[in-house]
Structure formats: structure tokens, C-alpha cells
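J.: Take this structure first; my questions come after.
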Amino acid sequence: AFCYSKMPNPPTSKPTEAPTEAATLTVWYPDYENTSWLTGKCINDGPLPSGRAAYATQKECCEKAYGGQSSRACVSDFQDPPTQAPTESPTEAGTLTVFYPVYGEGEGFCTNDPPADHGLSSLNGISTSATHAECCKKHFDWQKSGFCFSQMANPPTQAPTVTATEAGTLTVFYPVYGEGEGFCTNDPPADHGLSSLNGIVTSATNAECCTKHFSWQKSGFCFSQMANPPTQAPTVTATEAGTLTVFYPVYGEGEGFCTNDPPADHGLSSLDGIVTSATNAECCTKHFSWQK
């Protein structure tokens with residue numbers, strides 16, 4: 001229970017793990033390493049791969065990661081598999097119940113087609129949305145042509161008007177790590193050398209983005225770049241130890257543990273793509289419950 005031992009006030013023994021079904025983790029994740037998307041399935045074997053999306057149940061994992069799988073390999077792996085694959089209620093068109101961005105075709109658009117239709121083995125690491133319009137707004141609201149919205153089954157007469165927050169053109173903020181000390185912006189991705197925001201954690205406000213990604217900055221540089229910056233960077237109330245308000249897994253040191261230290265302390269430029277947790281214990285349970 002090495003991860004738990006790194007806590008400031010570690011429990012006297014590792015919390016009892018009540019595994020779901022027959023494996024070791026209490027969450028399920030898609031097994032991309034050993035199979036193709038067509039024959040893929042969800043597993044709860046430890047350890048959870050770094051950055052891999054995890055789900056509370058095997059059914060949810062199959063629906064989110066392998067929706068539209070013609071082989072039914074994922075659902076057939078249930079301990080009590082359904083006599084037929086769960087009925088998908090597609091929204092608008094396609095076979096998935098979520099929409100994701102496709103950047104390499106035309107100007108870019110959103111779809112709920114099976115990933116294989118667009119050369120993808122899975123949706124791992126790709127930000128999905130509940131509706132077609134939400135996906136277009138999140139990933140392609142910078143398109144002046146409104147191309148993404150035009151691909152909807154019932155497209156609006158014009159692309160919805162985007163009301164920019166503070167400055168820029170997007171309605172979400174994202175971190176930029178390669179300029180200065182790092183800051184958050186809602187500029188179009190192309191302004192900072194990005195083709196998209198795919199895989200990048202976004203926030204509703206500039207302040208939230210700075211707190212999430214750059215709270216370790218002693219200079220408060222990220223907050224200083226806001227249109228109306230605070231007189232000083234907001235005070236971060238650390239939980240247990242460290243400086244961040246979330247905990248993340250560190251796999252390359254010892255047996256692996258969780259921390260809320262600044263990412264740079266462990267050789268990371270950011271927490272982008274890393275699954276974080278509200279508490280140290282939750283993080284240990286999620287990522288290192290396999291540790292004996």
C-alpha cells in the first residue's frame with residue numbers, strides 16, 4: 001500500500017477494496033493495448049493506465065468506448081451478457097450516443113459515427129459531447145463558415161452566435177504552456193499553434209483555468225494575463241500537502257503514489273490528460289488499489 005503510505009496521515013492499513021465482479025479495480029476501462037477496437041473489451045485489471053478514461057460499470061465503459069461495435073465483443077464479455085447488444089438510441093444520426101470532433105476531414109466537424117469510420121481505433125483521450133451542437137460549439141465555434149453546424153441532420157439556419165467571455169472567441173478557456181510561464185486563454189486554437197482543443201482540459205472561466213493548471217506559479221503570471229486580473233493570485237488552500245487542490249498519480253517514482261505537488265516537481269509540464277481526484281485517498285483507490 002505504498003501510495004497510501006505517502007499521505008501525511010496514512011491509514012493504519014490499506015482501505016479494504018471491494019472489487020467489482022472478479023478483478024481488482026472498482027472502475028472499468030477500455031483495453032486498447034491488447035486488442036483492436038473491433039474486438040476490444042472493457043476490463044478492471046490493475047493498474048489503470050495513465051490518462052485512460054475509467055467508468056463506474058462495465059456496461060457504461062462498453063457504451064462509451066465501444067458503442068456501435070458490430071462484433072459485440074465488449075458486451076459479450078459481461079459475466080451475464082445480454083442476449084443482444086444494448087439498444088443504442090442514436091441522437092440524430094450515427095450509432096454512438098455521444099459526439100466527437102473529426103479534424104482531418106474538410107474544415108472539421110462533429111459526428112457520432114463509430115470511430116473506425118474516421119480512422120480512429122477508439123475515442124480514448126478525445127473529448128466527447130452529449131449533443132451535436134454542443135460538440136460543434138466546443139471544438140469548432142471559430143469556424144466562420146459554420147461548416148460543423150452545417151453537417152448536422154437538422155442544421156440551424158446559421159451557426160449560433162458565440163458570446164466571448166472577457167476576450168478571444170471561444171466560450172471556454174484552455175492552458176497554453178509554451179509561451180512565457182504559461183497562461184490560459186479563449187483565443188482560437190490556431191493562434192497558439194494548435195489544430196484543435198482535442199484532449200486538452202478546458203474550463204468555464206479564465207480564473208478556473210489558471211487555478212486548475214497554474215496554481216503553482218509563484219508569480220501569478222496566468223492570473224495577470226486576465227482582462228481584469230485580481231490584485232494578487234487567489235490563495236490556494238492546499239488539501240493535506242502540496243499546492244494544488246487536486247491529486248494526481250505519479251507512476252515513475254517508487255511503486256507509484258498520488259500527490260498535489262506542482263507538476264514540475266515530478267517532471268510534468270502540466271496535468272493535461274491526467275485523471276485527477278479531489279482527495280489523496282480517492283486518487284490512491286482509483287489508480288493504485290492493486291498495490292499490496
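Chain lettering (A, B, ...) mirrors the order of the C-alpha cells, residue numbering begins at 1 for each chain separately, and ligand numbering begins at 1 in order of display.
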Could you list, as number ranges by chain, every residue within 12 Å of Ser36 in chain A, counting only C-alpha atoms and ignoring same-chain residues fewer than 6 positions away?
T.: A: 30, 65-66, 69, 71, 73-74, 115-116, 120-122
J.: Let's see if you can do this: from backbone DSSP, list all alpha helix (DSSP H) residues in range 140-231 of chain A, as JSON, numbers by chain.
T.: {"A": [140, 147, 148, 149, 150, 206, 207, 208, 209, 210, 211, 212, 213, 214, 221, 222, 223, 224]}
J.: Using C-alpha atoms, can you write the selected residues to a file as a PDB file, in the first residue's frame?
T.:
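Saved result, part04.pdb, follows:
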```pdb
ATOM      1  CA  PHE A 140     -15.374  24.467 -33.975  1.00  0.00           C
ATOM      2  CA  PHE A 147     -19.213  24.094 -41.534  1.00  0.00           C
ATOM      3  CA  CYS A 148     -19.547  21.908 -38.431  1.00  0.00           C
ATOM      4  CA  PHE A 149     -23.110  23.064 -37.761  1.00  0.00           C
ATOM      5  CA  SER A 150     -23.960  22.563 -41.452  1.00  0.00           C
ATOM      6  CA  ASN A 206     -10.146  32.181 -17.039  1.00  0.00           C
ATOM      7  CA  ALA A 207      -9.733  32.140 -13.253  1.00  0.00           C
ATOM      8  CA  GLU A 208     -10.832  28.499 -13.026  1.00  0.00           C
ATOM      9  CA  CYS A 209      -8.361  27.563 -15.762  1.00  0.00           C
ATOM     10  CA  CYS A 210      -5.480  29.376 -14.012  1.00  0.00           C
ATOM     11  CA  THR A 211      -6.337  27.720 -10.702  1.00  0.00           C
ATOM     12  CA  LYS A 212      -6.532  24.284 -12.303  1.00  0.00           C
ATOM     13  CA  HIS A 213      -3.348  24.437 -14.386  1.00  0.00           C
ATOM     14  CA  PHE A 214      -1.091  27.162 -12.993  1.00  0.00           C
ATOM     15  CA  PHE A 221       1.564  35.173 -14.271  1.00  0.00           C
ATOM     16  CA  CYS A 222      -1.524  33.330 -15.508  1.00  0.00           C
ATOM     17  CA  PHE A 223      -3.877  35.481 -13.461  1.00  0.00           C
ATOM     18  CA  SER A 224      -2.016  38.631 -14.607  1.00  0.00           C
TER      19      SER A 224
END
```
J.: Tell me which protein, DNA and RNA residues are within 9 Å of Ser50 in chain A, counting only C-alpha atoms, leaving out same-chain ones fewer than 3 positions away, and put them as an MDAnalysis selection string.
T.: chainID A and resid 47 53 249:251 273:275 287
J.: Taking all heavy atoms for each residue, export the selection above as a PDB file, in the first residue's frame.
T.:
```
ATOM      1  N   PRO A  47      -2.793  -2.333 -13.072  1.00  0.00           N
ATOM      2  CA  PRO A  47      -3.120  -0.947 -12.746  1.00  0.00           C
ATOM      3  C   PRO A  47      -3.865  -0.254 -13.878  1.00  0.00           C
ATOM      4  O   PRO A  47      -3.807  -0.699 -15.018  1.00  0.00           O
ATOM      5  CB  PRO A  47      -1.733  -0.315 -12.555  1.00  0.00           C
ATOM      6  CG  PRO A  47      -0.862  -1.077 -13.530  1.00  0.00           C
ATOM      7  CD  PRO A  47      -1.373  -2.493 -13.492  1.00  0.00           C
ATOM      8  N   ALA A  53      -9.427   6.865 -19.644  1.00  0.00           N
ATOM      9  CA  ALA A  53     -10.759   7.146 -19.108  1.00  0.00           C
ATOM     10  C   ALA A  53     -11.292   5.904 -18.401  1.00  0.00           C
ATOM     11  O   ALA A  53     -11.143   4.782 -18.893  1.00  0.00           O
ATOM     12  CB  ALA A  53     -11.695   7.567 -20.230  1.00  0.00           C
ATOM     13  N   PRO A 249      -1.831  10.936 -10.113  1.00  0.00           N
ATOM     14  CA  PRO A 249      -0.915   9.809  -9.903  1.00  0.00           C
ATOM     15  C   PRO A 249       0.478  10.079 -10.469  1.00  0.00           C
ATOM     16  O   PRO A 249       0.627  10.721 -11.512  1.00  0.00           O
ATOM     17  CB  PRO A 249      -1.605   8.674 -10.671  1.00  0.00           C
ATOM     18  CG  PRO A 249      -2.333   9.384 -11.774  1.00  0.00           C
ATOM     19  CD  PRO A 249      -2.795  10.702 -11.192  1.00  0.00           C
ATOM     20  N   VAL A 250       1.483   9.598  -9.763  1.00  0.00           N
ATOM     21  CA  VAL A 250       2.870   9.632 -10.230  1.00  0.00           C
ATOM     22  C   VAL A 250       3.313   8.182 -10.349  1.00  0.00           C
ATOM     23  O   VAL A 250       3.395   7.460  -9.354  1.00  0.00           O
ATOM     24  CB  VAL A 250       3.781  10.389  -9.239  1.00  0.00           C
ATOM     25  CG1 VAL A 250       5.232  10.311  -9.702  1.00  0.00           C
ATOM     26  CG2 VAL A 250       3.333  11.841  -9.114  1.00  0.00           C
ATOM     27  N   TYR A 251       3.584   7.734 -11.567  1.00  0.00           N
ATOM     28  CA  TYR A 251       3.881   6.321 -11.803  1.00  0.00           C
ATOM     29  C   TYR A 251       5.374   6.000 -11.822  1.00  0.00           C
ATOM     30  O   TYR A 251       5.765   4.879 -11.570  1.00  0.00           O
ATOM     31  CB  TYR A 251       3.270   5.874 -13.136  1.00  0.00           C
ATOM     32  CG  TYR A 251       1.759   5.895 -13.137  1.00  0.00           C
ATOM     33  CD1 TYR A 251       1.059   6.957 -13.696  1.00  0.00           C
ATOM     34  CD2 TYR A 251       1.034   4.857 -12.565  1.00  0.00           C
ATOM     35  CE1 TYR A 251      -0.330   6.980 -13.683  1.00  0.00           C
ATOM     36  CE2 TYR A 251      -0.357   4.865 -12.549  1.00  0.00           C
ATOM     37  CZ  TYR A 251      -1.029   5.934 -13.120  1.00  0.00           C
ATOM     38  OH  TYR A 251      -2.397   5.959 -13.107  1.00  0.00           O
ATOM     39  N   GLY A 273      -4.566  15.724 -19.670  1.00  0.00           N
ATOM     40  CA  GLY A 273      -4.786  14.325 -20.000  1.00  0.00           C
ATOM     41  C   GLY A 273      -4.632  13.372 -18.835  1.00  0.00           C
ATOM     42  O   GLY A 273      -4.781  12.167 -18.996  1.00  0.00           O
ATOM     43  N   ILE A 274      -4.312  13.892 -17.641  1.00  0.00           N
ATOM     44  CA  ILE A 274      -4.139  13.045 -16.461  1.00  0.00           C
ATOM     45  C   ILE A 274      -5.410  13.098 -15.607  1.00  0.00           C
ATOM     46  O   ILE A 274      -5.925  14.176 -15.321  1.00  0.00           O
ATOM     47  CB  ILE A 274      -2.924  13.503 -15.632  1.00  0.00           C
ATOM     48  CG1 ILE A 274      -1.635  13.329 -16.456  1.00  0.00           C
ATOM     49  CG2 ILE A 274      -2.829  12.721 -14.325  1.00  0.00           C
ATOM     50  CD1 ILE A 274      -0.383  13.814 -15.763  1.00  0.00           C
ATOM     51  N   VAL A 275      -5.900  11.948 -15.213  1.00  0.00           N
ATOM     52  CA  VAL A 275      -7.117  11.879 -14.400  1.00  0.00           C
ATOM     53  C   VAL A 275      -6.789  12.323 -12.982  1.00  0.00           C
ATOM     54  O   VAL A 275      -5.904  11.757 -12.335  1.00  0.00           O
ATOM     55  CB  VAL A 275      -7.684  10.450 -14.385  1.00  0.00           C
ATOM     56  CG1 VAL A 275      -8.904  10.376 -13.474  1.00  0.00           C
ATOM     57  CG2 VAL A 275      -8.040  10.002 -15.795  1.00  0.00           C
ATOM     58  N   HIS A 287      -6.159   4.714  -8.735  1.00  0.00           N
ATOM     59  CA  HIS A 287      -5.004   4.379  -9.567  1.00  0.00           C
ATOM     60  C   HIS A 287      -4.099   3.277  -9.007  1.00  0.00           C
ATOM     61  O   HIS A 287      -3.375   2.634  -9.763  1.00  0.00           O
ATOM     62  CB  HIS A 287      -4.156   5.629  -9.804  1.00  0.00           C
ATOM     63  CG  HIS A 287      -4.876   6.711 -10.530  1.00  0.00           C
ATOM     64  ND1 HIS A 287      -5.064   6.696 -11.901  1.00  0.00           N
ATOM     65  CD2 HIS A 287      -5.485   7.843 -10.076  1.00  0.00           C
ATOM     66  CE1 HIS A 287      -5.719   7.774 -12.257  1.00  0.00           C
ATOM     67  NE2 HIS A 287      -6.005   8.475 -11.179  1.00  0.00           N
TER      68      HIS A 287
END
```
J.: Tell me, in Å to one decimal, how far CA of Gly182 in chain A is from CA of Pro262 in chain A.
T.: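 The value is 13.4 Å.
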J.: Neighbours of Gly178 in chain A within 12 Å (only C-alpha atoms; same-chain residues fewer than 5 positions away dropped), as a list in words?
T.: Phe183, Cys184, His192, Gly193, Leu194, Ser269 and Ser270 of chain A
J.: Given the choices A:Phe78, A:Thr39, A:Ser70, A:Glu134, which gets closest to Gln58 in chain A if the distance is worked out from only C-alpha atoms?
T.: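 Distance minimum relative to Gln58 in chain A lands on A:Phe78.
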J.: What's the separation between CA of Asp191 in chain A and CA of Leu268 in chain A, in Å to one decimal place?
T.: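 Separation between CA of Asp191 in chain A and CA of Leu268 in chain A: 23.8 Å.
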J.: Find the residues near range 104-110 of chain A: any atom within 12 Å, counting only C-alpha atoms, skip ones fewer than 6 places away on the same chain, and give them as a count of residues only.
T.: 40
J.: Would you mind listing what lies within 7 Å of Ala54 in chain A as an MDAnalysis selection string, with only C-alpha atoms counted and same-chain residues fewer than 6 positions away left out?
T.: chainID A and resid 27:29
J.: Could the residues in this selection be written to a file with N, CA and C atoms, as a PDB file, in the first residue's frame?
T.:
```pdb
ATOM      1  N   VAL A  27     -13.196   0.324 -10.919  1.00  0.00           N
ATOM      2  CA  VAL A  27     -13.615   1.023 -12.126  1.00  0.00           C
ATOM      3  C   VAL A  27     -13.246   0.166 -13.335  1.00  0.00           C
ATOM      4  N   TRP A  28     -13.884   0.448 -14.465  1.00  0.00           N
ATOM      5  CA  TRP A  28     -13.645  -0.291 -15.710  1.00  0.00           C
ATOM      6  C   TRP A  28     -13.048   0.650 -16.745  1.00  0.00           C
ATOM      7  N   TYR A  29     -12.179   0.115 -17.584  1.00  0.00           N
ATOM      8  CA  TYR A  29     -11.565   0.928 -18.633  1.00  0.00           C
ATOM      9  C   TYR A  29     -11.374   0.096 -19.903  1.00  0.00           C
TER      10      TYR A  29
END
```
J.: Hey, can you check how far CA of Phe99 in chain A sits from CA of Gly67 in chain A?
T.: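 Between CA of Phe99 in chain A and CA of Gly67 in chain A the gap works out to 11.3 Å.
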